[in-house]
>>> print(open('entry_27.txt').read())   # compact mmCIF, C-alpha atoms
# COMPACT_ATOMS: atom_id res chain seq x y z
CA MET A 1364 -8.20 -1.14 -24.38
CA THR A 1365 -7.36 -0.94 -20.69
CA ILE A 1366 -5.74 -3.74 -18.79
CA LYS A 1367 -7.11 -4.34 -15.34
CA VAL A 1368 -4.04 -4.86 -13.23
CA PHE A 1369 -5.71 -4.66 -9.84
CA ASP A 1370 -7.42 -7.94 -9.06
CA ARG A 1371 -10.24 -8.23 -6.54
CA THR A 1372 -7.88 -8.99 -3.70
CA LEU A 1373 -5.94 -5.79 -4.28
CA GLU A 1374 -9.24 -3.90 -4.40
CA ALA A 1375 -10.33 -5.54 -1.17
CA LEU A 1376 -7.07 -4.70 0.58
CA SER A 1377 -7.27 -1.12 -0.66
CA LYS A 1378 -10.89 -0.80 0.51
CA SER A 1379 -9.86 -2.23 3.87
CA LEU A 1380 -7.25 0.53 4.19
CA ASP A 1381 -9.84 3.20 3.31
CA MET A 1382 -12.39 1.90 5.78
CA ARG A 1383 -9.94 1.41 8.60
CA SER A 1384 -8.58 4.93 8.34
CA GLU A 1385 -12.15 6.23 8.53
CA ARG A 1386 -12.70 4.02 11.52
CA GLN A 1387 -9.60 5.55 13.10
CA VAL A 1388 -11.29 8.96 12.90
CA ILE A 1389 -14.42 7.61 14.59
CA ILE A 1390 -12.43 5.94 17.35
CA SER A 1391 -10.39 9.12 17.97
CA SER A 1392 -13.62 11.09 18.18
CA ASN A 1393 -14.92 8.66 20.79
CA ILE A 1394 -11.72 8.82 22.81
CA ALA A 1395 -11.50 12.64 22.63
CA ASN A 1396 -15.13 12.86 23.77
CA SER A 1397 -14.97 10.18 26.47
CA ASP A 1398 -15.85 12.82 29.07
CA THR A 1399 -18.24 14.97 27.07
CA PRO A 1400 -21.72 15.06 28.61
CA GLY A 1401 -24.40 13.59 26.36
CA TYR A 1402 -21.97 12.32 23.72
CA GLN A 1403 -23.04 9.11 21.96
CA ALA A 1404 -20.24 6.68 21.12
CA GLN A 1405 -20.16 5.80 17.41
CA GLU A 1406 -18.81 3.02 15.28
CA LEU A 1407 -18.11 2.28 11.64
CA ASP A 1408 -19.13 -1.06 10.17
CA PHE A 1409 -17.84 -2.28 6.82
CA GLU A 1410 -16.77 -5.89 7.30
CA GLY A 1411 -20.16 -7.36 6.47
CA ALA A 1412 -20.41 -5.44 3.20
CA LEU A 1413 -16.86 -6.32 2.17
CA ALA A 1414 -17.18 -10.01 3.08
CA ASN A 1415 -20.40 -10.06 1.08
CA ALA A 1416 -18.81 -8.48 -1.98
CA LEU A 1417 -16.04 -11.06 -1.78
CA THR A 1418 -18.63 -13.79 -1.26
CA LEU A 1419 -16.78 -15.03 1.78
CA ASP A 1420 -19.76 -15.79 3.95
CA GLY A 1421 -21.53 -18.19 1.66
CA SER A 1422 -22.39 -19.03 -1.90
CA PRO A 1423 -22.63 -16.28 -4.52
CA VAL A 1424 -25.90 -14.39 -4.35
CA ALA A 1425 -27.71 -12.65 -7.15
CA ARG A 1426 -28.45 -9.00 -6.57
CA THR A 1427 -32.12 -8.29 -7.06
CA HIS A 1428 -32.31 -4.69 -5.91
CA ASP A 1429 -30.07 -1.68 -6.22
CA LYS A 1430 -29.99 -1.06 -2.52
CA HIS A 1431 -28.92 -4.57 -1.59
CA PHE A 1432 -25.34 -5.43 -0.74
CA ALA A 1433 -23.17 -5.71 -3.77
CA ALA A 1434 -22.69 -9.45 -3.55
CA GLY A 1435 -19.84 -10.54 -5.72
CA GLY A 1436 -19.26 -7.10 -7.23
CA GLU A 1437 -18.46 -3.41 -6.86
CA ILE A 1438 -16.02 -3.48 -3.99
CA ASP A 1439 -15.29 0.13 -4.86
CA ASP A 1440 -18.83 1.20 -3.94
CA ILE A 1441 -18.63 -0.01 -0.39
CA GLN A 1442 -19.02 2.91 2.01
CA GLY A 1443 -19.50 1.36 5.38
CA GLU A 1444 -22.09 2.58 7.86
CA ILE A 1445 -21.59 4.89 10.80
CA PHE A 1446 -24.03 4.59 13.63
CA ASN A 1447 -24.32 4.96 17.40
CA GLN A 1448 -23.03 2.05 19.42
CA VAL A 1449 -25.75 0.01 21.02
CA ASN A 1450 -25.87 -1.79 24.36
CA ASN A 1451 -23.51 0.66 25.98
CA VAL A 1452 -23.74 1.70 29.60
CA VAL A 1453 -25.06 5.24 29.79
CA ARG A 1454 -23.30 7.22 32.46
CA GLU A 1455 -24.75 9.92 34.69
CA ASP A 1456 -23.87 12.72 32.29
CA GLY A 1457 -25.36 10.91 29.30
CA ASN A 1458 -22.00 9.85 27.85
CA THR A 1459 -21.87 6.31 26.40
CA VAL A 1460 -18.18 5.92 25.59
CA ASP A 1461 -16.46 2.83 27.01
CA ARG A 1462 -12.89 3.99 26.84
CA ASP A 1463 -11.31 0.59 27.45
CA ALA A 1464 -13.32 -0.90 24.61
CA GLU A 1465 -12.25 1.99 22.40
CA MET A 1466 -8.60 1.38 23.25
CA ALA A 1467 -8.99 -2.27 22.29
CA SER A 1468 -10.68 -1.30 19.02
CA LEU A 1469 -7.91 1.20 18.38
CA ALA A 1470 -5.24 -1.48 18.72
CA GLU A 1471 -7.06 -4.02 16.55
CA ASN A 1472 -7.82 -1.47 13.86
CA GLN A 1473 -4.21 -0.35 13.73
CA LEU A 1474 -2.98 -3.92 13.50
CA LEU A 1475 -5.30 -4.91 10.67
CA TYR A 1476 -4.55 -1.68 8.82
CA THR A 1477 -0.83 -2.40 9.06
CA ALA A 1478 -1.44 -5.99 7.92
CA ALA A 1479 -3.42 -4.85 4.88
CA ALA A 1480 -0.75 -2.28 3.98
CA ASP A 1481 2.00 -4.89 4.21
CA MET A 1482 0.08 -7.38 2.14
CA LEU A 1483 -0.73 -4.78 -0.48
CA LYS A 1484 2.94 -3.92 -0.66
CA LYS A 1485 3.89 -7.56 -1.07
CA LYS A 1486 1.34 -8.22 -3.78
CA LEU A 1487 2.49 -5.18 -5.72
CA ALA A 1488 6.07 -6.39 -5.44
CA MET A 1489 5.05 -9.75 -6.88
CA LEU A 1490 3.26 -7.98 -9.73
CA ARG A 1491 6.35 -5.91 -10.46
CA TYR A 1492 8.45 -9.05 -10.48
CA ALA A 1493 6.15 -10.72 -12.96
CA ILE A 1494 6.10 -7.65 -15.19
CA ALA A 1495 9.88 -7.47 -15.13
CA ASP A 1496 9.78 -10.71 -17.10
CA GLY A 1497 10.35 -12.95 -14.12
CA GLY A 1498 13.84 -11.64 -13.63
CA GLY A 1499 14.96 -13.29 -16.84
CA ASN A 1500 15.83 -11.99 -20.28
CA MET B 808 31.03 -56.04 -4.75
CA SER B 809 31.08 -52.45 -3.71
CA ASN B 810 28.92 -53.35 -0.74
CA MET B 811 31.56 -55.68 0.58
CA GLY B 812 34.20 -53.04 0.29
CA ILE B 813 32.21 -50.59 2.37
CA GLU B 814 31.47 -53.27 4.93
CA PHE B 815 35.12 -53.99 5.25
CA GLY B 816 35.84 -50.33 5.72
CA MET B 817 33.17 -50.02 8.41
CA LYS B 818 34.53 -53.01 10.31
CA SER B 819 38.01 -51.62 10.27
CA MET B 820 36.76 -48.41 11.83
CA GLY B 821 35.53 -50.59 14.66
CA GLY B 822 33.14 -47.97 15.86
CA GLY B 823 30.69 -50.56 17.05
CA MET B 824 28.41 -50.08 14.04
CA ASP B 825 26.26 -52.92 12.97
CA SER B 826 27.42 -53.83 9.47
CA SER B 827 24.27 -55.72 8.57
CA ARG B 828 22.17 -52.63 9.27
CA ILE B 829 24.41 -50.51 7.09
CA ARG B 830 24.22 -53.00 4.28
CA GLU B 831 20.44 -53.04 4.55
CA HIS B 832 20.38 -49.28 4.36
CA MET B 833 22.54 -49.24 1.26
CA GLU B 834 20.41 -51.82 -0.43
CA ASN B 835 17.38 -49.67 0.20
CA LEU B 836 19.10 -46.66 -1.31
CA SER B 837 20.14 -48.48 -4.49
CA SER B 838 16.69 -49.93 -5.02
CA GLU B 839 15.24 -46.44 -4.55
CA ARG B 840 17.50 -45.11 -7.27
CA ALA B 841 16.48 -47.88 -9.62
CA GLY B 842 12.86 -47.09 -8.94
CA ALA B 843 13.45 -43.40 -9.58
CA ALA B 844 15.04 -44.17 -12.92
CA GLU B 845 11.95 -46.13 -13.82
CA ASP B 846 9.72 -43.24 -12.82
CA ALA B 847 11.77 -40.86 -14.90
CA LYS B 848 10.96 -42.92 -17.96
CA GLY B 849 7.19 -42.59 -17.26
CA ALA B 850 7.04 -38.93 -16.11
CA SER B 851 8.36 -36.28 -18.45
CA PHE B 852 9.82 -32.87 -17.87
CA GLY B 853 6.66 -31.43 -19.32
CA ASP B 854 4.65 -33.00 -16.53
CA PHE B 855 7.06 -31.57 -14.01
CA LEU B 856 6.64 -28.11 -15.46
CA GLN B 857 2.89 -28.45 -15.48
CA ASN B 858 2.87 -29.49 -11.82
CA LEU B 859 4.99 -26.49 -11.02
CA ALA B 860 2.56 -24.19 -12.79
CA GLN B 861 -0.43 -25.73 -11.07
CA GLU B 862 1.27 -25.45 -7.72
CA ALA B 863 2.07 -21.80 -8.35
CA ASN B 864 -1.49 -21.09 -9.44
CA SER B 865 -3.21 -22.85 -6.56
CA SER B 866 -0.94 -21.32 -3.95
CA GLN B 867 -1.71 -17.90 -5.47
CA ILE B 868 -5.43 -18.57 -5.21
CA THR B 869 -5.10 -19.76 -1.62
CA ALA B 870 -3.07 -16.69 -0.71
CA ASP B 871 -5.63 -14.38 -2.33
CA GLN B 872 -8.40 -16.08 -0.41
CA LYS B 873 -6.61 -15.56 2.88
CA LEU B 874 -5.86 -11.94 2.05
CA ASN B 875 -9.53 -11.35 1.25
CA GLU B 876 -10.45 -12.76 4.63
CA VAL B 877 -8.00 -10.52 6.45
CA ALA B 878 -9.16 -7.46 4.49
CA ALA B 879 -12.78 -8.13 5.46
CA GLY B 880 -11.80 -8.81 9.06
CA ARG B 881 -13.22 -12.31 8.83
CA ASN B 882 -9.98 -14.05 9.66
CA LYS B 883 -7.47 -12.72 12.15
CA ASP B 884 -4.88 -15.40 11.32
CA LEU B 885 -2.25 -12.96 10.13
CA HIS B 886 0.75 -15.27 10.12
CA GLY B 887 -1.21 -17.82 8.08
CA ALA B 888 -1.95 -15.17 5.47
CA VAL B 889 1.64 -13.95 5.37
CA LEU B 890 2.99 -17.49 5.02
CA ALA B 891 0.49 -18.29 2.27
CA MET B 892 1.68 -15.20 0.42
CA GLU B 893 5.33 -16.11 0.80
CA LYS B 894 4.59 -19.60 -0.44
CA ALA B 895 2.82 -18.25 -3.48
CA ASP B 896 5.73 -15.90 -4.10
CA VAL B 897 8.34 -18.66 -3.89
CA ASN B 898 6.34 -20.99 -6.12
CA PHE B 899 5.93 -18.30 -8.73
CA ARG B 900 9.59 -17.35 -8.67
CA LEU B 901 10.55 -21.01 -8.98
CA LEU B 902 8.28 -21.36 -11.99
CA ALA B 903 9.73 -18.21 -13.52
CA GLN B 904 13.31 -19.35 -13.02
CA VAL B 905 12.68 -22.82 -14.40
CA ARG B 906 11.06 -21.26 -17.44
CA ASN B 907 14.03 -18.92 -17.87
CA LYS B 908 16.46 -21.79 -17.69
CA VAL B 909 14.47 -23.79 -20.20
CA ILE B 910 14.50 -20.89 -22.65
CA GLU B 911 18.21 -20.42 -22.07
CA ALA B 912 18.84 -24.11 -22.71
CA TYR B 913 16.75 -23.98 -25.87
CA ARG B 914 18.72 -21.03 -27.16
CA GLU B 915 21.95 -22.79 -26.31
CA ILE B 916 20.89 -25.79 -28.29
CA MET B 917 19.80 -23.70 -31.25
CA ARG B 918 23.21 -22.03 -31.29
CA MET B 919 24.96 -25.38 -31.71
CA GLN B 920 26.55 -26.01 -35.05
CA VAL B 921 25.08 -29.16 -36.54
CA MET C 1211 -6.26 12.86 5.01
CA ASP C 1212 -8.42 10.82 7.34
CA LEU C 1213 -5.47 9.95 9.49
CA LEU C 1214 -4.47 13.59 9.76
CA SER C 1215 -8.05 14.43 10.84
CA SER C 1216 -7.79 11.71 13.42
CA MET C 1217 -4.63 13.27 14.85
CA ARG C 1218 -6.26 16.68 14.91
CA ILE C 1219 -9.23 15.31 16.82
CA SER C 1220 -7.00 13.57 19.35
CA ALA C 1221 -5.12 16.85 19.77
CA THR C 1222 -8.35 18.57 20.82
CA GLY C 1223 -8.76 15.79 23.38
CA LEU C 1224 -5.30 16.54 24.73
CA ALA C 1225 -6.04 20.25 24.96
CA ALA C 1226 -9.33 19.70 26.76
CA GLN C 1227 -7.90 17.26 29.29
CA ASP C 1228 -5.03 19.65 29.84
CA VAL C 1229 -7.44 22.44 30.78
CA ARG C 1230 -9.21 20.01 33.06
CA ILE C 1231 -5.99 19.04 34.82
CA ASN C 1232 -5.01 22.68 35.30
CA THR C 1233 -8.44 23.50 36.69
CA ILE C 1234 -8.25 20.62 39.14
CA SER C 1235 -4.75 21.71 40.23
CA SER C 1236 -6.10 25.17 40.87
CA ASN C 1237 -8.94 23.74 42.96
CA ILE C 1238 -6.61 21.60 45.04
CA ALA C 1239 -4.12 24.40 45.55
CA ASN C 1240 -6.88 26.74 46.72
CA ALA C 1241 -8.81 24.22 48.82
CA GLU C 1242 -8.22 26.29 51.94
CA THR C 1243 -8.41 29.74 50.40
CA PRO C 1244 -11.38 31.69 51.79
CA GLY C 1245 -13.64 33.03 49.07
CA TYR C 1246 -12.25 30.79 46.31
CA GLN C 1247 -14.92 29.32 44.09
CA ARG C 1248 -14.46 25.79 42.79
CA LYS C 1249 -13.95 25.65 39.02
CA ASP C 1250 -15.38 23.07 36.62
CA PRO C 1251 -14.58 22.83 32.90
CA ILE C 1252 -17.54 22.14 30.62
CA PHE C 1253 -16.74 19.84 27.67
CA SER C 1254 -18.72 19.76 24.47
CA ALA C 1255 -18.28 17.98 21.16
CA ASN C 1256 -17.00 20.11 18.35
CA ALA C 1257 -17.19 19.11 14.69
CA ASP C 1258 -13.80 18.85 13.05
CA ARG C 1259 -13.48 21.26 10.16
CA GLU C 1260 -10.29 22.30 8.49
CA ASN C 1261 -11.79 25.51 7.25
CA PHE C 1262 -15.29 26.87 7.05
CA GLY C 1263 -16.96 26.58 3.70
CA GLU C 1264 -15.47 23.13 3.10
CA ILE C 1265 -17.79 20.73 1.32
CA LEU C 1266 -19.51 18.65 3.95
CA SER C 1267 -18.71 14.99 3.56
CA ARG C 1268 -20.12 12.30 5.75
CA MET C 1269 -16.95 12.22 7.78
CA ASP C 1270 -17.04 15.96 8.38
CA GLU C 1271 -20.29 15.48 10.25
CA LYS C 1272 -19.27 12.42 12.19
CA ALA C 1273 -15.74 13.41 13.07
CA GLN C 1274 -15.91 15.33 16.30
CA GLY C 1275 -13.24 16.74 18.52
CA VAL C 1276 -13.89 18.21 21.93
CA LEU C 1277 -13.79 21.75 23.23
CA VAL C 1278 -13.92 23.34 26.67
CA THR C 1279 -16.75 25.81 26.13
CA GLU C 1280 -16.56 27.44 29.51
CA ILE C 1281 -15.18 27.09 32.99
CA VAL C 1282 -18.01 27.29 35.47
CA GLU C 1283 -17.41 28.68 38.93
CA SER C 1284 -19.42 27.06 41.67
CA ASP C 1285 -21.69 29.27 43.79
CA LYS C 1286 -21.69 26.87 46.67
CA MET C 1287 -19.47 27.74 49.59
CA ARG C 1288 -18.76 25.90 52.79
CA LEU C 1289 -19.34 27.93 55.91
CA HIS C 1290 -16.69 27.52 58.55
CA TYR C 1291 -17.16 29.00 61.99
CA ASP C 1292 -14.12 31.01 63.02
CA PRO C 1293 -14.97 34.48 64.45
CA ARG C 1294 -11.34 35.45 64.91
CA HIS C 1295 -10.53 34.98 61.23
CA PRO C 1296 -9.93 38.33 59.45
CA LYS C 1297 -12.33 37.29 56.66
CA ALA C 1298 -15.14 36.21 58.97
CA ASN C 1299 -18.56 37.69 58.22
CA ALA C 1300 -20.96 39.29 60.73
CA GLU C 1301 -22.04 35.91 62.18
CA GLY C 1302 -18.43 34.74 62.53
CA TYR C 1303 -18.50 32.40 59.52
CA VAL C 1304 -15.75 32.25 56.89
CA GLU C 1305 -16.71 31.25 53.36
CA MET C 1306 -14.51 28.31 52.37
CA PRO C 1307 -14.40 26.67 48.92
CA ASP C 1308 -16.65 23.70 48.21
CA VAL C 1309 -13.62 21.62 47.27
CA ASN C 1310 -13.34 17.97 48.23
CA VAL C 1311 -9.65 17.21 47.82
CA VAL C 1312 -10.18 13.47 47.60
CA GLN C 1313 -12.74 13.93 44.84
CA GLU C 1314 -10.47 16.33 43.00
CA THR C 1315 -7.56 13.91 43.20
CA ALA C 1316 -9.69 11.14 41.76
CA ASN C 1317 -10.74 13.49 38.94
CA MET C 1318 -7.11 14.34 38.35
CA LEU C 1319 -6.25 10.68 37.86
CA ALA C 1320 -9.15 10.22 35.48
CA ALA C 1321 -8.12 13.27 33.47
CA SER C 1322 -4.56 12.02 33.35
CA ARG C 1323 -5.68 8.63 32.02
CA ALA C 1324 -7.87 10.29 29.44
CA TYR C 1325 -4.88 12.38 28.35
CA GLU C 1326 -2.80 9.22 27.88
CA ALA C 1327 -5.55 7.61 25.86
CA ASN C 1328 -5.52 10.51 23.40
CA ILE C 1329 -1.75 10.18 23.08
CA THR C 1330 -2.12 6.51 22.25
CA ALA C 1331 -4.67 7.42 19.60
CA ILE C 1332 -2.29 9.92 18.02
CA ASN C 1333 0.51 7.38 17.95
CA ALA C 1334 -1.73 4.82 16.30
CA ALA C 1335 -2.76 7.28 13.57
CA LYS C 1336 0.84 8.34 13.04
CA SER C 1337 2.11 4.81 12.68
CA MET C 1338 -0.68 3.96 10.24
CA ALA C 1339 0.13 7.00 8.11
CA LEU C 1340 3.81 6.09 8.03
CA LYS C 1341 2.88 2.55 7.05
CA ALA C 1342 0.84 3.85 4.16
CA LEU C 1343 3.84 5.79 2.88
CA ASP C 1344 5.77 2.56 3.02
CA ILE C 1345 3.59 0.78 0.48
CA GLY C 1346 5.35 2.14 -2.54
CA LYS C 1347 8.86 1.58 -1.26
>>> encode(input="entry_27.txt", output="C-alpha cells")
Amino acid sequence: MTIKVFDRTLEALSKSLDMRSERQVIISSNIANSDTPGYQAQELDFEGALANALTLDGSPVARTHDKHFAAGGEIDDIQGEIFNQVNNVVREDGNTVDRDAEMASLAENQLLYTAAADMLKKKLAMLRYAIADGGGN
Amino acid sequence: MSNMGIEFGMKSMGGGMDSSRIREHMENLSSERAGAAEDAKGASFGDFLQNLAQEANSSQITADQKLNEVAAGRNKDLHGAVLAMEKADVNFRLLAQVRNKVIEAYREIMRMQV
Amino acid sequence: MDLLSSMRISATGLAAQDVRINTISSNIANAETPGYQRKDPIFSANADRENFGEILSRMDEKAQGVLVTEIVESDKMRLHYDPRHPKANAEGYVEMPDVNVVQETANMLAASRAYEANITAINAAKSMALKALDIGK
C-alpha cells in the first residue's frame, strides 16, 4: 500500500516549475536569436491545460476523448505546447522576435517560477511539521 | 462599592477625567464578563476545538486554491497566496499545540492519585 | 537541466553579439582605409545539443542558440577622386570602404543592447536554478 503524500496542489506547483523552466529555454532561444534572419519567435503555452486539470476555469468537465484536456485529472501528463508566436511584426530580414516583449516574459516567468518554488518549499515544511507529530510528544 | 473607590481615586488624580464616563466604561466591562460567563456555560471546550479544526481545514483549502491559481498563472496575486499559506500554517500549528496541551493535561490527570 | 540549457543558449547569444561588436569596431576603425572591405557577420540559428547522438527530445529541437556562420566581406567600394593619392588607380580614383560610420555606430548600440539582453537571460536562469536548490533546505 502506498500513501500519496503529494496532493494536487503540490503536483500543480511542481508542474508549474517544470513548465516554466522549459519556457525559460524558449525565451533564451528567442533572445539569442533576436537578430537571426528568418528566425520565428516561439512560445510555450501550458497555463490553459493546467488550469483545466485543476478545474479552475469552470465546473468539472467529463473527459470524452483521449486527446481532450485532462480536466480534473492527470496533472502529470501535461506537456504544454510550443508554437510560433502569432501577430508579431516581421522585420526586413524575416525575424519576428520582439525583444522587449521577450524581456518582459523573462521577468514574469522568473518571478512566477520563484513564487512556485517558495510555495512548494513552504508546503513541504508544513507537511514535515505535521509528520513530526505536530511538534508534540 | 469598588466602583466608588475607583471614582474617588480618579478624582484625586485630578487629571480632568470625566468620572461618569469612567464609571460607564467599567459597568460595560463587568456586564461583558457576566455575559461571557453565561456563554461559557452554553459553549463547551469541545465546540472550541471543533471550530479550531474547521478553521484550520478551511484556511488550508483556501490556501491550496490560491496556490493552484498561481501555479496555473491564473492569479498573479502573490502576496495574497503567501498570506493565505501563512494563515493556514498558523491555524494548523495552533490546532496542533492545543491538541498537545489537551493530551498533556489528560495524562496529568490520569497520573493523579485518587 | 533545462535551466543549464538555457544558460548555454544565452552564452551562444553573447558570443555572436561579441563577434558582431568586434566586426563593427573593425569597420569603424578602417572607415578611411583605402581598399578595406566592409565586414558583416551572418547569424544563423543553431540547435542546442550537448553531444551528438543524444536522444532527441522535443526541447532538443526547439531549443536553439545562435552561431556566426561566416563573416561576409562587401564587394562594394566607394570611389573617391584623388589623383595624387599613392593608391589612386589609372583614372585617379581611390577605392574607399563602403562604411557609413553613423550606420555602424547605430549597429554597435543595437549589438550592445542585444548583448545585455542575453546577460539578463543568463542571470534569470541562474537565479531560478539556485532557487530550485533552495526547496529542500
>>> closest_residue(input="entry_27.txt", among="B:Leu901, B:Val909, B:Arg914, B:Lys873", to="Asn858 (chain B)", atoms="all atoms listed in the file")
B:Leu901
>>> atom_distance(input="entry_27.txt", atom1="CA of Ala895 (chain B)", atom2="CA of Leu874 (chain B)")
12.1 Å
>>> atom_distance(input="entry_27.txt", atom1="CA of Asn1451 (chain A)", atom2="CA of Met1466 (chain A)")
15.2 Å
>>> residues_around(input="entry_27.txt", residues="Arg1259 (chain C)", least_positions_apart="6", cutoff="10 Å", atoms="all atoms listed in the file", output="list in words")
Ser1215, Arg1218, Ile1219, Ile1265, Leu1266, Met1269, Asp1270, Glu1271, Ala1273, Gln1274 and Gly1275 of chain C
>>> closest_residue(input="entry_27.txt", among="B:Val897, B:Leu856, B:Val889, B:Ala879", to="Thr1418 (chain A)", atoms="all atoms listed in the file")
B:Ala879
>>> closest_residue(input="entry_27.txt", among="C:Asn1328, C:Ser1284, C:Thr1279, C:Gln1313", to="chain A", atoms="all atoms listed in the file")
C:Asn1328
>>> decode(input="entry_27.txt", residues="region 846-887 of chain B", atoms="C-alpha atoms", output="PDB file, in the first residue's frame")
ATOM      1  CA  ASP B 846     -21.704  31.905  27.172  1.00  0.00           C
ATOM      2  CA  ALA B 847     -19.127  29.621  28.700  1.00  0.00           C
ATOM      3  CA  LYS B 848     -21.917  27.580  30.223  1.00  0.00           C
ATOM      4  CA  GLY B 849     -23.544  27.109  26.775  1.00  0.00           C
ATOM      5  CA  ALA B 850     -20.412  26.578  24.610  1.00  0.00           C
ATOM      6  CA  SER B 851     -18.071  23.763  25.551  1.00  0.00           C
ATOM      7  CA  PHE B 852     -14.388  23.241  25.035  1.00  0.00           C
ATOM      8  CA  GLY B 853     -15.270  20.587  22.513  1.00  0.00           C
ATOM      9  CA  ASP B 854     -17.015  23.174  20.374  1.00  0.00           C
ATOM     10  CA  PHE B 855     -13.985  25.401  20.633  1.00  0.00           C
ATOM     11  CA  LEU B 856     -11.735  22.605  19.454  1.00  0.00           C
ATOM     12  CA  GLN B 857     -14.065  21.786  16.609  1.00  0.00           C
ATOM     13  CA  ASN B 858     -14.103  25.416  15.468  1.00  0.00           C
ATOM     14  CA  LEU B 859     -10.344  25.418  15.552  1.00  0.00           C
ATOM     15  CA  ALA B 860     -10.196  22.315  13.396  1.00  0.00           C
ATOM     16  CA  GLN B 861     -12.694  23.705  10.919  1.00  0.00           C
ATOM     17  CA  GLU B 862     -10.798  26.954  10.734  1.00  0.00           C
ATOM     18  CA  ALA B 863      -7.546  25.109  10.098  1.00  0.00           C
ATOM     19  CA  ASN B 864      -9.158  22.964   7.421  1.00  0.00           C
ATOM     20  CA  SER B 865     -10.880  25.779   5.561  1.00  0.00           C
ATOM     21  CA  SER B 866      -7.828  28.014   5.610  1.00  0.00           C
ATOM     22  CA  GLN B 867      -5.817  25.088   4.203  1.00  0.00           C
ATOM     23  CA  ILE B 868      -8.332  24.653   1.395  1.00  0.00           C
ATOM     24  CA  THR B 869      -8.310  28.364   0.634  1.00  0.00           C
ATOM     25  CA  ALA B 870      -4.517  28.413   0.577  1.00  0.00           C
ATOM     26  CA  ASP B 871      -4.407  25.407  -1.757  1.00  0.00           C
ATOM     27  CA  GLN B 872      -6.864  27.093  -4.072  1.00  0.00           C
ATOM     28  CA  LYS B 873      -4.740  30.210  -4.262  1.00  0.00           C
ATOM     29  CA  LEU B 874      -1.592  28.189  -4.842  1.00  0.00           C
ATOM     30  CA  ASN B 875      -3.287  26.319  -7.688  1.00  0.00           C
ATOM     31  CA  GLU B 876      -4.180  29.630  -9.265  1.00  0.00           C
ATOM     32  CA  VAL B 877      -0.631  30.925  -9.032  1.00  0.00           C
ATOM     33  CA  ALA B 878       0.779  27.662 -10.409  1.00  0.00           C
ATOM     34  CA  ALA B 879      -1.523  27.882 -13.437  1.00  0.00           C
ATOM     35  CA  GLY B 880      -0.735  31.561 -13.904  1.00  0.00           C
ATOM     36  CA  ARG B 881      -4.390  32.440 -13.466  1.00  0.00           C
ATOM     37  CA  ASN B 882      -3.850  34.691 -10.491  1.00  0.00           C
ATOM     38  CA  LYS B 883      -0.852  36.960 -10.102  1.00  0.00           C
ATOM     39  CA  ASP B 884      -1.787  37.980  -6.553  1.00  0.00           C
ATOM     40  CA  LEU B 885       1.348  36.592  -4.968  1.00  0.00           C
ATOM     41  CA  HIS B 886       1.118  38.286  -1.589  1.00  0.00           C
ATOM     42  CA  GLY B 887      -2.466  37.057  -1.211  1.00  0.00           C
TER      43      GLY B 887
END
